[in-house]
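Content type mmCIF, C-alpha atoms, from the file my_file.cif:
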```
data_my_file
loop_
_atom_site.group_PDB
_atom_site.id
_atom_site.type_symbol
_atom_site.label_atom_id
_atom_site.label_comp_id
_atom_site.auth_asym_id
_atom_site.auth_seq_id
_atom_site.Cartn_x
_atom_site.Cartn_y
_atom_site.Cartn_z
ATOM 1 C CA MET Z 1 37.066 40.837 -41.639
ATOM 2 C CA THR Z 2 35.633 44.169 -40.567
ATOM 3 C CA ARG Z 3 37.680 47.369 -40.255
ATOM 4 C CA SER Z 4 37.429 47.213 -36.427
ATOM 5 C CA ASN Z 5 38.727 43.632 -36.426
ATOM 6 C CA GLU Z 6 41.602 44.608 -38.708
ATOM 7 C CA THR Z 7 42.545 47.452 -36.345
ATOM 8 C CA GLN Z 8 42.337 45.124 -33.363
ATOM 9 C CA ASP Z 9 44.573 42.531 -35.038
ATOM 10 C CA ARG Z 10 47.205 45.198 -35.783
ATOM 11 C CA GLN Z 11 47.215 46.183 -32.118
ATOM 12 C CA ARG Z 12 47.711 42.607 -30.945
ATOM 13 C CA GLU Z 13 51.053 40.962 -30.339
ATOM 14 C CA PHE Z 14 50.227 38.237 -32.854
ATOM 15 C CA ALA Z 15 48.022 38.471 -35.929
ATOM 16 C CA LEU Z 16 45.326 35.792 -36.200
ATOM 17 C CA SER Z 17 43.968 35.433 -39.721
ATOM 18 C CA ASN Z 18 40.591 33.958 -40.566
ATOM 19 C CA LYS Z 19 42.339 30.988 -42.159
ATOM 20 C CA GLU Z 20 44.358 30.309 -39.012
ATOM 21 C CA PHE Z 21 41.280 30.752 -36.831
ATOM 22 C CA GLU Z 22 39.335 28.267 -38.969
ATOM 23 C CA LYS Z 23 42.184 25.762 -38.829
ATOM 24 C CA LEU Z 24 42.469 25.987 -35.059
ATOM 25 C CA THR Z 25 38.737 25.844 -34.403
ATOM 26 C CA GLY Z 26 38.407 22.926 -36.809
ATOM 27 C CA LEU Z 27 41.108 21.046 -34.922
ATOM 28 C CA VAL Z 28 39.489 21.848 -31.564
ATOM 29 C CA HIS Z 29 36.165 20.548 -32.882
ATOM 30 C CA SER Z 30 37.706 17.327 -34.191
ATOM 31 C CA LEU Z 31 39.482 16.711 -30.879
ATOM 32 C CA THR Z 32 36.758 17.706 -28.447
ATOM 33 C CA GLY Z 33 33.477 18.325 -30.273
ATOM 34 C CA ILE Z 34 33.476 21.890 -28.956
ATOM 35 C CA VAL Z 35 32.136 24.442 -31.431
ATOM 36 C CA LEU Z 36 33.938 27.811 -31.434
ATOM 37 C CA GLY Z 37 32.145 30.407 -33.539
ATOM 38 C CA GLU Z 38 33.498 33.748 -34.729
ATOM 39 C CA HIS Z 39 32.383 35.327 -31.450
ATOM 40 C CA LYS Z 40 34.941 33.126 -29.660
ATOM 41 C CA LYS Z 41 37.903 34.506 -31.623
ATOM 42 C CA ASP Z 42 39.027 36.829 -28.823
ATOM 43 C CA MET Z 43 38.818 33.995 -26.315
ATOM 44 C CA LEU Z 44 40.873 31.675 -28.500
ATOM 45 C CA TYR Z 45 43.463 34.397 -29.073
ATOM 46 C CA SER Z 46 43.873 35.236 -25.390
ATOM 47 C CA ARG Z 47 44.233 31.606 -24.374
ATOM 48 C CA LEU Z 48 46.738 30.695 -27.073
ATOM 49 C CA ALA Z 49 48.845 33.867 -27.130
ATOM 50 C CA ARG Z 50 50.519 32.810 -23.885
ATOM 51 C CA ARG Z 51 51.297 29.430 -25.409
ATOM 52 C CA LEU Z 52 52.955 31.098 -28.390
ATOM 53 C CA ARG Z 53 55.142 33.134 -26.014
ATOM 54 C CA ASP Z 54 56.086 30.032 -24.026
ATOM 55 C CA LEU Z 55 57.126 28.279 -27.232
ATOM 56 C CA GLY Z 56 59.030 31.306 -28.544
ATOM 57 C CA LEU Z 57 56.886 31.478 -31.669
ATOM 58 C CA GLN Z 58 56.374 34.676 -33.632
ATOM 59 C CA SER Z 59 52.976 34.029 -35.213
ATOM 60 C CA PHE Z 60 49.890 31.853 -35.288
ATOM 61 C CA ASN Z 61 51.069 30.675 -38.679
ATOM 62 C CA GLN Z 62 54.088 29.108 -36.955
ATOM 63 C CA TYR Z 63 51.802 27.582 -34.341
ATOM 64 C CA CYS Z 64 49.602 26.038 -37.044
ATOM 65 C CA ALA Z 65 52.736 24.644 -38.666
ATOM 66 C CA LEU Z 66 53.710 23.093 -35.326
ATOM 67 C CA LEU Z 67 50.345 21.379 -35.164
ATOM 68 C CA ASP Z 68 51.073 19.869 -38.587
ATOM 69 C CA SER Z 69 54.515 18.630 -37.537
ATOM 70 C CA GLN Z 70 55.734 15.477 -35.803
ATOM 71 C CA GLN Z 71 55.295 17.267 -32.465
ATOM 72 C CA ALA Z 72 51.547 17.631 -33.060
ATOM 73 C CA ALA Z 73 50.515 14.745 -30.783
ATOM 74 C CA LYS Z 74 52.114 16.409 -27.767
ATOM 75 C CA GLU Z 75 50.983 19.925 -28.641
ATOM 76 C CA THR Z 76 47.332 19.031 -29.147
ATOM 77 C CA GLY Z 77 47.182 18.217 -25.431
ATOM 78 C CA PHE Z 78 48.285 21.764 -24.616
ATOM 79 C CA LEU Z 79 45.768 23.117 -27.136
ATOM 80 C CA VAL Z 80 42.866 21.234 -25.568
ATOM 81 C CA ASN Z 81 43.844 22.302 -22.045
ATOM 82 C CA ALA Z 82 44.095 25.937 -23.136
ATOM 83 C CA ILE Z 83 40.677 26.011 -24.799
ATOM 84 C CA THR Z 84 38.664 24.044 -22.249
ATOM 85 C CA THR Z 85 36.478 26.349 -20.182
ATOM 86 C CA ASN Z 86 37.089 26.077 -16.436
ATOM 87 C CA LEU Z 87 34.593 28.476 -14.831
ATOM 88 C CA THR Z 88 33.251 26.773 -11.718
ATOM 89 C CA LYS Z 89 32.733 27.218 -7.994
ATOM 90 C CA LEU Z 90 31.644 25.275 -4.921
ATOM 91 C CA TYR Z 91 27.911 24.536 -4.814
ATOM 92 C CA ARG Z 92 27.262 26.280 -8.110
ATOM 93 C CA GLU Z 93 23.517 26.135 -8.859
ATOM 94 C CA SER Z 94 22.819 25.132 -5.266
ATOM 95 C CA HIS Z 95 19.255 23.962 -5.980
ATOM 96 C CA HIS Z 96 20.793 20.881 -7.583
ATOM 97 C CA PHE Z 97 22.438 19.973 -4.290
ATOM 98 C CA ASP Z 98 19.132 20.425 -2.467
ATOM 99 C CA SER Z 99 17.670 17.874 -4.904
ATOM 100 C CA LEU Z 100 20.716 15.646 -4.480
ATOM 101 C CA ALA Z 101 20.378 15.659 -0.682
ATOM 102 C CA SER Z 102 16.710 14.689 -0.955
ATOM 103 C CA TYR Z 103 17.475 11.940 -3.466
ATOM 104 C CA LEU Z 104 20.231 10.506 -1.260
ATOM 105 C CA GLN Z 105 17.657 10.087 1.506
ATOM 106 C CA THR Z 106 15.461 8.205 -0.963
ATOM 107 C CA ILE Z 107 18.339 5.938 -1.965
ATOM 108 C CA GLN Z 108 18.793 4.881 1.668
ATOM 109 C CA LYS Z 109 15.180 3.656 1.780
ATOM 110 C CA ASP Z 110 14.732 2.456 -1.793
ATOM 111 C CA LYS Z 111 13.349 -1.047 -2.200
ATOM 112 C CA TYR Z 112 16.023 -2.314 -4.583
ATOM 113 C CA ARG Z 113 18.721 -1.186 -2.158
ATOM 114 C CA LYS Z 114 17.252 -3.522 0.463
ATOM 115 C CA THR Z 115 18.434 -6.505 -1.579
ATOM 116 C CA GLY Z 116 21.897 -5.919 -0.173
ATOM 117 C CA ASP Z 117 23.258 -3.576 -2.831
ATOM 118 C CA LYS Z 118 24.786 -0.762 -0.835
ATOM 119 C CA THR Z 119 26.623 0.889 -3.717
ATOM 120 C CA VAL Z 120 26.048 4.448 -4.865
ATOM 121 C CA LEU Z 121 27.734 5.447 -8.129
ATOM 122 C CA ILE Z 122 27.893 9.108 -9.122
ATOM 123 C CA TRP Z 123 29.491 10.655 -12.195
ATOM 124 C CA SER Z 124 30.625 14.268 -12.426
ATOM 125 C CA ALA Z 125 31.164 14.632 -16.178
ATOM 126 C CA GLY Z 126 33.148 17.716 -17.120
ATOM 127 C CA CYS Z 127 34.286 18.235 -13.531
ATOM 128 C CA SER Z 128 36.848 20.945 -14.362
ATOM 129 C CA SER Z 129 39.043 21.720 -11.329
ATOM 130 C CA GLY Z 130 36.988 19.610 -8.938
ATOM 131 C CA GLU Z 131 34.624 21.995 -7.166
ATOM 132 C CA GLU Z 132 31.586 20.040 -8.355
ATOM 133 C CA PRO Z 133 32.664 16.572 -7.137
ATOM 134 C CA TYR Z 134 33.793 18.032 -3.806
ATOM 135 C CA SER Z 135 30.394 19.709 -3.489
ATOM 136 C CA ILE Z 136 28.797 16.307 -4.142
ATOM 137 C CA ALA Z 137 31.073 14.574 -1.618
ATOM 138 C CA THR Z 138 30.387 17.072 1.146
ATOM 139 C CA THR Z 139 26.646 16.877 0.474
ATOM 140 C CA ILE Z 140 26.846 13.123 1.002
ATOM 141 C CA LEU Z 141 28.878 13.452 4.195
ATOM 142 C CA SER Z 142 26.685 16.148 5.717
ATOM 143 C CA LYS Z 143 23.196 15.404 4.399
ATOM 144 C CA ALA Z 144 23.242 11.596 4.176
ATOM 145 C CA PRO Z 145 25.708 10.415 6.854
ATOM 146 C CA LEU Z 146 24.202 6.900 6.908
ATOM 147 C CA LEU Z 147 25.728 6.384 3.474
ATOM 148 C CA SER Z 148 29.173 6.522 5.087
ATOM 149 C CA ASN Z 149 28.808 2.767 5.631
ATOM 150 C CA TRP Z 150 27.992 2.222 1.970
ATOM 151 C CA ASN Z 151 30.249 1.867 -1.024
ATOM 152 C CA VAL Z 152 29.965 5.407 -2.400
ATOM 153 C CA LYS Z 153 32.044 6.327 -5.443
ATOM 154 C CA ILE Z 154 32.215 9.607 -7.340
ATOM 155 C CA LEU Z 155 33.820 9.439 -10.774
ATOM 156 C CA ALA Z 156 35.065 12.888 -11.790
ATOM 157 C CA THR Z 157 36.100 13.201 -15.446
ATOM 158 C CA ASP Z 158 37.375 15.995 -17.620
ATOM 159 C CA LEU Z 159 39.392 16.472 -20.773
ATOM 160 C CA ASP Z 160 41.800 18.984 -19.214
ATOM 161 C CA THR Z 161 44.671 17.231 -17.424
ATOM 162 C CA ASN Z 162 45.724 20.430 -15.649
ATOM 163 C CA MET Z 163 42.293 20.797 -14.082
ATOM 164 C CA LEU Z 164 42.235 17.138 -13.054
ATOM 165 C CA ALA Z 165 45.569 17.594 -11.273
ATOM 166 C CA LYS Z 166 44.131 20.544 -9.374
ATOM 167 C CA GLY Z 167 41.103 18.484 -8.428
ATOM 168 C CA ARG Z 168 43.247 15.676 -7.060
ATOM 169 C CA GLU Z 169 45.062 18.165 -4.852
ATOM 170 C CA GLY Z 170 41.787 19.436 -3.421
ATOM 171 C CA VAL Z 171 43.296 22.844 -2.625
ATOM 172 C CA TYR Z 172 41.404 26.063 -3.398
ATOM 173 C CA PRO Z 173 41.587 29.759 -2.482
ATOM 174 C CA LEU Z 174 40.078 30.740 0.854
ATOM 175 C CA SER Z 175 37.872 33.130 -1.122
ATOM 176 C CA SER Z 176 36.027 30.044 -2.441
ATOM 177 C CA LEU Z 177 34.062 30.098 0.808
ATOM 178 C CA ASP Z 178 32.808 33.661 0.330
ATOM 179 C CA SER Z 179 29.808 32.863 -1.850
ATOM 180 C CA LEU Z 180 28.673 29.572 -0.322
ATOM 181 C CA PRO Z 181 24.876 29.269 -0.323
ATOM 182 C CA TYR Z 182 22.983 29.215 2.940
ATOM 183 C CA GLY Z 183 22.807 25.727 4.409
ATOM 184 C CA TYR Z 184 26.062 24.460 2.955
ATOM 185 C CA LYS Z 185 28.679 26.421 4.876
ATOM 186 C CA THR Z 186 28.790 23.825 7.639
ATOM 187 C CA ALA Z 187 28.925 21.007 5.078
ATOM 188 C CA ILE Z 188 32.081 22.496 3.612
ATOM 189 C CA LYS Z 189 33.763 23.700 6.796
ATOM 190 C CA ASP Z 190 33.456 20.296 8.478
ATOM 191 C CA ASN Z 191 35.389 18.756 5.602
ATOM 192 C CA ILE Z 192 38.252 21.175 5.008
ATOM 193 C CA GLN Z 193 41.408 22.414 6.643
ATOM 194 C CA THR Z 194 42.167 26.123 6.427
ATOM 195 C CA LYS Z 195 45.685 27.485 6.166
ATOM 196 C CA ASP Z 196 46.611 31.073 5.366
ATOM 197 C CA THR Z 197 44.847 31.888 2.077
ATOM 198 C CA GLU Z 198 43.922 28.317 1.109
ATOM 199 C CA ILE Z 199 41.490 25.570 1.979
ATOM 200 C CA LYS Z 200 42.226 21.862 1.591
ATOM 201 C CA PHE Z 201 39.622 19.122 1.583
ATOM 202 C CA ARG Z 202 40.061 16.421 4.190
ATOM 203 C CA ASP Z 203 40.801 12.833 3.222
ATOM 204 C CA ARG Z 204 37.278 11.611 3.988
ATOM 205 C CA ALA Z 205 35.931 13.812 1.195
ATOM 206 C CA LYS Z 206 38.829 13.141 -1.177
ATOM 207 C CA SER Z 207 38.539 9.381 -0.677
ATOM 208 C CA LEU Z 208 35.089 9.349 -2.300
ATOM 209 C CA ILE Z 209 36.356 10.861 -5.568
ATOM 210 C CA HIS Z 210 38.314 9.300 -8.419
ATOM 211 C CA PHE Z 211 39.589 11.781 -11.025
ATOM 212 C CA LYS Z 212 40.103 10.469 -14.545
ATOM 213 C CA GLN Z 213 40.697 11.991 -17.975
ATOM 214 C CA LEU Z 214 37.912 11.272 -20.435
ATOM 215 C CA ASN Z 215 36.819 12.671 -23.780
ATOM 216 C CA LEU Z 216 33.013 12.510 -23.741
ATOM 217 C CA LEU Z 217 32.948 11.965 -27.495
ATOM 218 C CA HIS Z 218 35.005 8.791 -27.244
ATOM 219 C CA GLU Z 219 34.033 5.370 -25.933
ATOM 220 C CA TRP Z 220 33.222 5.349 -22.228
ATOM 221 C CA PRO Z 221 35.081 2.586 -20.345
ATOM 222 C CA MET Z 222 32.691 2.452 -17.386
ATOM 223 C CA LYS Z 223 30.967 -0.912 -17.006
ATOM 224 C CA HIS Z 224 28.373 -0.058 -14.369
ATOM 225 C CA LYS Z 225 25.341 2.196 -14.543
ATOM 226 C CA PHE Z 226 25.155 5.277 -12.353
ATOM 227 C CA ASP Z 227 22.639 6.385 -9.757
ATOM 228 C CA ILE Z 228 23.381 10.057 -10.429
ATOM 229 C CA ILE Z 229 25.055 11.932 -13.290
ATOM 230 C CA PHE Z 230 26.072 15.591 -13.229
ATOM 231 C CA CYS Z 231 26.963 17.159 -16.587
ATOM 232 C CA ARG Z 232 26.493 20.872 -16.080
ATOM 233 C CA ASN Z 233 27.505 23.712 -18.357
ATOM 234 C CA VAL Z 234 29.272 21.315 -20.704
ATOM 235 C CA LEU Z 235 26.670 20.593 -23.383
ATOM 236 C CA ILE Z 236 26.470 24.272 -24.354
ATOM 237 C CA TYR Z 237 29.808 23.928 -26.148
ATOM 238 C CA PHE Z 238 28.576 21.187 -28.506
ATOM 239 C CA ASP Z 239 26.402 21.314 -31.590
ATOM 240 C CA ALA Z 240 22.795 20.121 -31.360
ATOM 241 C CA GLU Z 241 23.435 16.639 -32.759
ATOM 242 C CA THR Z 242 26.343 15.979 -30.387
ATOM 243 C CA LYS Z 243 24.346 17.329 -27.454
ATOM 244 C CA ASP Z 244 21.381 15.041 -28.194
ATOM 245 C CA ASN Z 245 23.709 12.058 -28.608
ATOM 246 C CA LEU Z 246 25.427 12.704 -25.267
ATOM 247 C CA VAL Z 247 22.139 13.046 -23.394
ATOM 248 C CA GLN Z 248 20.984 9.746 -24.894
ATOM 249 C CA ARG Z 249 24.213 8.082 -23.764
ATOM 250 C CA PHE Z 250 23.883 9.560 -20.280
ATOM 251 C CA THR Z 251 20.345 8.202 -20.098
ATOM 252 C CA GLU Z 252 21.490 4.742 -21.136
ATOM 253 C CA ASN Z 253 24.127 4.832 -18.403
ATOM 254 C CA LEU Z 254 21.659 5.717 -15.641
ATOM 255 C CA ARG Z 255 19.955 3.124 -13.492
ATOM 256 C CA PRO Z 256 16.147 3.194 -13.383
ATOM 257 C CA ASP Z 257 15.096 6.045 -11.060
ATOM 258 C CA GLY Z 258 18.549 7.614 -11.522
ATOM 259 C CA MET Z 259 18.958 11.389 -11.713
ATOM 260 C CA LEU Z 260 20.575 13.569 -14.362
ATOM 261 C CA PHE Z 261 21.587 17.149 -13.593
ATOM 262 C CA LEU Z 262 22.326 19.582 -16.446
ATOM 263 C CA GLY Z 263 23.444 23.230 -16.422
ATOM 264 C CA HIS Z 264 21.111 26.177 -15.973
ATOM 265 C CA SER Z 265 21.124 27.065 -19.692
ATOM 266 C CA GLU Z 266 20.930 23.492 -20.986
ATOM 267 C CA SER Z 267 17.220 22.769 -21.319
ATOM 268 C CA LEU Z 268 16.557 19.885 -23.686
ATOM 269 C CA MET Z 269 14.596 20.360 -26.899
ATOM 270 C CA HIS Z 270 14.722 16.651 -27.767
ATOM 271 C CA LYS Z 271 15.059 14.578 -24.618
ATOM 272 C CA PRO Z 272 14.972 10.776 -24.519
ATOM 273 C CA GLU Z 273 11.551 9.353 -23.669
ATOM 274 C CA GLU Z 274 12.986 7.513 -20.668
ATOM 275 C CA ILE Z 275 13.724 10.671 -18.690
ATOM 276 C CA LYS Z 276 11.346 13.280 -17.365
ATOM 277 C CA LEU Z 277 11.894 16.772 -16.047
ATOM 278 C CA ILE Z 278 11.245 16.975 -12.286
ATOM 279 C CA GLY Z 279 12.906 20.299 -11.458
ATOM 280 C CA LYS Z 280 15.004 23.042 -12.972
ATOM 281 C CA THR Z 281 17.374 21.182 -15.390
ATOM 282 C CA THR Z 282 16.876 18.101 -13.192
ATOM 283 C CA TYR Z 283 15.753 14.841 -14.773
ATOM 284 C CA VAL Z 284 14.906 11.357 -13.535
ATOM 285 C CA LYS Z 285 15.034 8.131 -15.504
ATOM 286 C CA GLU Z 286 11.692 6.453 -15.137
ATOM 287 C CA SER Z 287 11.593 3.093 -13.439
ATOM 288 C CA LEU Z 288 10.890 -0.022 -15.465
ATOM 289 C CA SER Z 289 7.692 -0.376 -13.449
ATOM 290 C CA ASP Z 290 6.440 3.108 -14.355
ATOM 291 C CA GLY Z 291 3.620 3.484 -16.800
#
```

Just dump the structure as C-alpha cells.
Amino acid sequence: MTRSNETQDRQREFALSNKEFEKLTGLVHSLTGIVLGEHKKDMLYSRLARRLRDLGLQSFNQYCALLDSQQAAKETGFLVNAITTNLTKLYRESHHFDSLASYLQTIQKDKYRKTGDKTVLIWSAGCSSGEEPYSIATTILSKAPLLSNWNVKILATDLDTNMLAKGREGVYPLSSLDSLPYGYKTAIKDNIQTKDTEIKFRDRAKSLIHFKQLNLLHEWPMKHKFDIIFCRNVLIYFDAETKDNLVQRFTENLRPDGMLFLGHSESLMHKPEEIKLIGKTTYVKESLSDG
C-alpha cells in the first residue's frame, strides 16, 4: 500500500486492508464473475460503507466475519446488489435503437414469419433498473405498430433484485426525459404518464416486459431462442475467458438472422464464426442458408 493510500484509509470511517479487499473481491468474483481490480477499491469502499453503517458494524473485518457466518447466504445478496453497476438511461446508445427499428420492419416481412409464427422474443440481459427494456418496448410500439398483433415478449434479467423491483414499477425521474435523442421523444411520451417530478410507463409498454433475476454465469432456464439479444455494458466487468464464453452462449441462443447488441466499449477480439459485425457493436447471426 502506498503512502497516499495509507493516508486515505486513516481519513476514512472504516479501514479497508488489502487482505479484506482481496477477500471481498474474491467473493464477488465467485458469485458474479465480475472482476474488481485495485483501481476499484474506492468504489467497493463507498458502496459497502453504507452497508456497514446499516448493520452497526465497526470495521470491514467484522463484515468479512459476517460473510463467513451462518448469515452469509442472506448477506451475499446485499453484497451483490451493492456492487452491481447500475448506470443506465433511456435510449442509451441510440444508434442501437435505430438498428432495432429497422430490424423490426424486416421481421414483419421475413419469409419464415409467414409460416404463421408471429412471435418475437427479445432478451435484455443485464437490464439494471429497466431503462433498456422500456426503450425496446417503446421502440416496438412506435416504430413497428403492426407487431402489436403479434406475441412480443421482452425478457429483462439482472442479478440485482433492487434494480429489478424498480424496473417492475416503471417509475423514473422526470429528468430522464431531458437527454432523449432526437426521434424518440414522441415514442416515450406516448407511452408514459407524467406526475409532478416522475414519469410512469403505461401498461401497454409494461405488459411486453417480464423482469426476472438471473446470474449470467449460471444455467439459463430459457427454452426458446431469441430474435434479439441486448447485453450492453455488462461484459466489460468480466475477464476475457468469461466474456468469450458468454458471447458464445448468446450466439447459441439466437435464431438464425437474429441480432446481438453489445455496449460501446465491448468490441469482440474473438467472436464466434456464426455472427458478423454489421454496425457499431451490432452483430447478426448468419442464416443457415448463408454461404

Residues of stretch 211-263 of chain Z within 10 Å of stretch 89-103 of chain Z: nearest atom pair and distance (Å, one decimal) for each, counting only C-alpha atoms, sorted by chain and number, as CSV?
```
residue,atom,partner,partner_atom,distance
Z:Asp227,CA,Z:Tyr103,CA,9.9
Z:Ile228,CA,Z:Leu100,CA,8.6
Z:Phe230,CA,Z:His96,CA,9.4
Z:Arg232,CA,Z:Glu93,CA,9.4
Z:Asp257,CA,Z:Tyr103,CA,9.9
Z:Gly258,CA,Z:Tyr103,CA,9.2
Z:Met259,CA,Z:Tyr103,CA,8.4
Z:Leu260,CA,Z:His96,CA,10.0
Z:Phe261,CA,Z:His96,CA,7.1
Z:Leu262,CA,Z:His96,CA,9.1
Z:Gly263,CA,Z:Glu93,CA,8.1
```

Name the residues in contact with Z:Arg51 at a cut-off of 9 Å, using only C-alpha atoms, excluding same-chain residues fewer than 6 positions from it; report them as a PyMOL selection string. chain Z and resi 57+78-79+82

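Here atom CA of Z:His224 stands at a distance of 12.6 Å from atom CA of Z:Ile154.
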
Name the residues that the PyMOL selection byres ((chain Z and resi 203) around 12) picks from the file above, as a PyMOL selection string, using the file's chain letters and numbers. chain Z and resi 134+137-138+141+168-171+190-193+200-202+204-209

Reference answer for the PyMOL selection byres ((chain Z and resi 19-28) around 8), as a compact mmCIF listing (two decimals) with C-alpha atoms, in the coordinates of the input:
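Saved the output as expr-v3.txt:
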```
# COMPACT_ATOMS: atom_id res chain seq x y z
CA LEU Z 16 45.33 35.79 -36.20
CA SER Z 17 43.97 35.43 -39.72
CA ASN Z 18 40.59 33.96 -40.57
CA HIS Z 29 36.16 20.55 -32.88
CA SER Z 30 37.71 17.33 -34.19
CA LEU Z 31 39.48 16.71 -30.88
CA THR Z 32 36.76 17.71 -28.45
CA GLY Z 33 33.48 18.32 -30.27
CA ILE Z 34 33.48 21.89 -28.96
CA VAL Z 35 32.14 24.44 -31.43
CA LEU Z 36 33.94 27.81 -31.43
CA LYS Z 41 37.90 34.51 -31.62
CA PHE Z 60 49.89 31.85 -35.29
CA ASN Z 61 51.07 30.68 -38.68
CA CYS Z 64 49.60 26.04 -37.04
CA LEU Z 79 45.77 23.12 -27.14
CA VAL Z 80 42.87 21.23 -25.57
```

The PyMOL selection byres ((chain Z and resi 122) around 7) resolved against shown file, as a CSV table (one decimal) with C-alpha atoms, in the frame of the given file:
```csv
chain,number,residue,atom,x,y,z
Z,120,VAL,CA,26.0,4.4,-4.9
Z,121,LEU,CA,27.7,5.4,-8.1
Z,123,TRP,CA,29.5,10.7,-12.2
Z,124,SER,CA,30.6,14.3,-12.4
Z,153,LYS,CA,32.0,6.3,-5.4
Z,154,ILE,CA,32.2,9.6,-7.3
Z,155,LEU,CA,33.8,9.4,-10.8
Z,226,PHE,CA,25.2,5.3,-12.4
Z,227,ASP,CA,22.6,6.4,-9.8
Z,228,ILE,CA,23.4,10.1,-10.4
Z,229,ILE,CA,25.1,11.9,-13.3
```

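Residues lying within 7 Å of Z:Lys118, counting only C-alpha atoms and ignoring same-chain neighbours fewer than 2 positions away, are Arg113, Gly116, Val120, Trp150 and Asn151 of chain Z.
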
So what do you get for atom CA of Z:Cys231 versus atom CA of Z:Ala125, distance-wise? 4.9 Å

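Across the model, the gap from atom CA of Z:Thr157 to atom CA of Z:Lys74 is 20.5 Å.
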
Once you count only C-alpha atoms, which residues end up no further than 6 Å from (53.3, 38.2, -28.2) in the file's frame, shown as number ranges by chain? Z: 13-14, 53

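Within the 12 Å cut-off around Z:Asn81, using only C-alpha atoms and omitting residues fewer than 4 positions from it on the same chain, the listed residues are Val28, Leu31, Thr32, Leu44, Arg47, Leu48, Arg51, Lys74, Glu75, Thr76, Gly77, Thr85, Asn86, Ser128, Ser129, Asp158, Leu159, Asp160, Thr161, Asn162, Met163, Leu164, Ala165 and Gln213 of chain Z.
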
Written selection (C-alpha atoms) as a short mmCIF file (atom, residue, chain, number, x, y, z; two decimals), keeping the file's coordinate frame:
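Listed below is the output, selection.cif:
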```
data_model
loop_
_atom_site.label_atom_id
_atom_site.label_comp_id
_atom_site.auth_asym_id
_atom_site.auth_seq_id
_atom_site.Cartn_x
_atom_site.Cartn_y
_atom_site.Cartn_z
CA VAL Z 28 39.49 21.85 -31.56
CA LEU Z 31 39.48 16.71 -30.88
CA THR Z 32 36.76 17.71 -28.45
CA LEU Z 44 40.87 31.68 -28.50
CA ARG Z 47 44.23 31.61 -24.37
CA LEU Z 48 46.74 30.70 -27.07
CA ARG Z 51 51.30 29.43 -25.41
CA LYS Z 74 52.11 16.41 -27.77
CA GLU Z 75 50.98 19.92 -28.64
CA THR Z 76 47.33 19.03 -29.15
CA GLY Z 77 47.18 18.22 -25.43
CA THR Z 85 36.48 26.35 -20.18
CA ASN Z 86 37.09 26.08 -16.44
CA SER Z 128 36.85 20.94 -14.36
CA SER Z 129 39.04 21.72 -11.33
CA ASP Z 158 37.38 16.00 -17.62
CA LEU Z 159 39.39 16.47 -20.77
CA ASP Z 160 41.80 18.98 -19.21
CA THR Z 161 44.67 17.23 -17.42
CA ASN Z 162 45.72 20.43 -15.65
CA MET Z 163 42.29 20.80 -14.08
CA LEU Z 164 42.24 17.14 -13.05
CA ALA Z 165 45.57 17.59 -11.27
CA GLN Z 213 40.70 11.99 -17.98
#
```

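Nearest residue to Z:Ser148, choosing from Z:Lys280, Z:Met269, Z:Thr119, Z:Tyr63 and counting all atoms listed in the file: Z:Thr119.
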
May I have the centre and edge lengths, in Å to one decimal, of an axis-aligned box around the listed atoms of stretch 215-232 of chain Z with 8 Å added to every side, as AutoDock Vina command-line options?
```
--center_x 29.7 --center_y 10.0 --center_z -18.6 --size_x 30.2 --size_y 37.8 --size_z 33.7
```

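Among the candidates Z:Pro181, Z:Gly279, Z:Pro133, Z:Pro272, the one nearest to Z:Lys243 when counting all atoms listed in the file is Z:Pro272.
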
Kindly output stretch 266-277 of chain Z as a PDB file, keeping the file's coordinate frame, after building N, CA and C atoms.
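rebuild_1.pdb was written with the following content:
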```pdb
ATOM      1  N   GLU Z 266      20.887  24.684 -20.142  1.00  0.00           N
ATOM      2  CA  GLU Z 266      20.930  23.492 -20.986  1.00  0.00           C
ATOM      3  C   GLU Z 266      19.604  22.731 -20.984  1.00  0.00           C
ATOM      4  N   SER Z 267      18.505  23.437 -21.192  1.00  0.00           N
ATOM      5  CA  SER Z 267      17.220  22.769 -21.319  1.00  0.00           C
ATOM      6  C   SER Z 267      17.220  21.937 -22.598  1.00  0.00           C
ATOM      7  N   LEU Z 268      16.520  20.826 -22.571  1.00  0.00           N
ATOM      8  CA  LEU Z 268      16.557  19.885 -23.686  1.00  0.00           C
ATOM      9  C   LEU Z 268      15.365  20.065 -24.608  1.00  0.00           C
ATOM     10  N   MET Z 269      15.652  20.270 -25.901  1.00  0.00           N
ATOM     11  CA  MET Z 269      14.596  20.360 -26.899  1.00  0.00           C
ATOM     12  C   MET Z 269      14.127  18.970 -27.312  1.00  0.00           C
ATOM     13  N   HIS Z 270      15.050  18.015 -27.359  1.00  0.00           N
ATOM     14  CA  HIS Z 270      14.722  16.651 -27.767  1.00  0.00           C
ATOM     15  C   HIS Z 270      15.297  15.696 -26.720  1.00  0.00           C
ATOM     16  N   LYS Z 271      14.555  15.453 -25.670  1.00  0.00           N
ATOM     17  CA  LYS Z 271      15.059  14.578 -24.618  1.00  0.00           C
ATOM     18  C   LYS Z 271      14.615  13.142 -24.874  1.00  0.00           C
ATOM     19  N   PRO Z 272      15.389  12.172 -24.401  1.00  0.00           N
ATOM     20  CA  PRO Z 272      14.972  10.776 -24.519  1.00  0.00           C
ATOM     21  C   PRO Z 272      13.661  10.540 -23.779  1.00  0.00           C
ATOM     22  N   GLU Z 273      12.854   9.626 -24.279  1.00  0.00           N
ATOM     23  CA  GLU Z 273      11.551   9.353 -23.669  1.00  0.00           C
ATOM     24  C   GLU Z 273      11.684   8.801 -22.257  1.00  0.00           C
ATOM     25  N   GLU Z 274      12.833   8.177 -21.964  1.00  0.00           N
ATOM     26  CA  GLU Z 274      12.986   7.513 -20.668  1.00  0.00           C
ATOM     27  C   GLU Z 274      13.164   8.479 -19.502  1.00  0.00           C
ATOM     28  N   ILE Z 275      13.509   9.729 -19.779  1.00  0.00           N
ATOM     29  CA  ILE Z 275      13.724  10.671 -18.690  1.00  0.00           C
ATOM     30  C   ILE Z 275      12.652  11.746 -18.687  1.00  0.00           C
ATOM     31  N   LYS Z 276      12.339  12.213 -17.479  1.00  0.00           N
ATOM     32  CA  LYS Z 276      11.346  13.280 -17.365  1.00  0.00           C
ATOM     33  C   LYS Z 276      11.903  14.393 -16.485  1.00  0.00           C
ATOM     34  N   LEU Z 277      11.462  15.593 -16.783  1.00  0.00           N
ATOM     35  CA  LEU Z 277      11.894  16.772 -16.047  1.00  0.00           C
ATOM     36  C   LEU Z 277      11.134  16.829 -14.721  1.00  0.00           C
TER      37      LEU Z 277
END
```
